[in-house]
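Here the structure comes first, spelled out in structure tokens, and everything after it is commentary.
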Amino acid sequence: MTEPDSSRRADLEKAVRTYGGHWDTERGLRALRDAGHGPQEKRTRQILRDLASEGLLVKVADRPVRYSTVRAG
């Protein structure tokens with residue numbers, strides 16, 4: 001049985017909002033595994049890009065890609 005992408009996305013967004021800091025693919029994969037998902041690297045990168053396009057993350061490095069959470073307020 002496959003998990004819906006919306007569930008993975010919601011769980012990764014929750015982790016980003018809860019823990020803040022810097023995020024890369026490996027940290028995203030760990031967060032999804034901790035939430036009980038069997039994450040895929042390609043999909044995890046896409047979710048991080050989506051969160052950046054929505055303003056929750058900002059890209060701080062290109063190679064390897066690394067994001068930082070945006071502080072509200």
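Simple scheme: letters A, B, ... for chains in structure tokens order, numbers from 1 for residues in each chain, numbers from 1 for ligands in the order shown.
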
Contacts of Glu41 of chain A at 9 Å or less, counting only C-alpha atoms, minus same-chain residues fewer than 5 places along, as a PyMOL selection string?
-> chain A and resi 25-26+28-29+46

Give me, please, the distance in Å between atom CA of Leu57 of chain A and atom CA of Ala35 of chain A, quoted to one decimal.
-> 19.9 Å

Within 8 Å of segment 6-19 of chain A, counting only C-alpha atoms, which residues qualify if same-chain residues fewer than 3 places away don't, as a list in words?
->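 Near neighbours after the sequence-gap exclusion: Glu3, Trp23, Gly28, Ala31, Leu32, Ala35, His37, Pro39, Ile47, Leu51 and Thr69 of chain A.
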
Give the helix (DSSP H, G or I) residues of chain A, as assigned by DSSP on the backbone, as a ChimeraX atom specification.
-> /A:5-19,25-34,41-53

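DSSP annotation of chain A from backbone atoms: strand (DSSP E) residues are His22, Trp23, Leu57, Val58, Lys59, Val60, Ala61, Asp62, Val65, Arg66, Tyr67, Ser68 and Thr69 of chain A.
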
For Gly21 of chain A, which residue out of A:Arg43, A:Ser53, A:Val58, A:Val65 is the nearest one, using only C-alpha atoms?
->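 Among A:Arg43, A:Ser53, A:Val58, A:Val65, it is A:Val58 that comes nearest to Gly21 of chain A.
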
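Of the listed residues A:Arg33, A:Arg27, A:Arg71, A:Arg63, the one whose atoms come nearest to Leu48 of chain A is A:Arg27, with distances taken using only C-alpha atoms.
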
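The space between atom CA of Gly36 of chain A and atom CA of Asp62 of chain A spans 28.6 Å.
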
Which value, in Å to one decimal, gives the distance between atom CA of Gly38 of chain A and atom CA of Glu54 of chain A?
->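 Distance between the two atoms: 24.3 Å.
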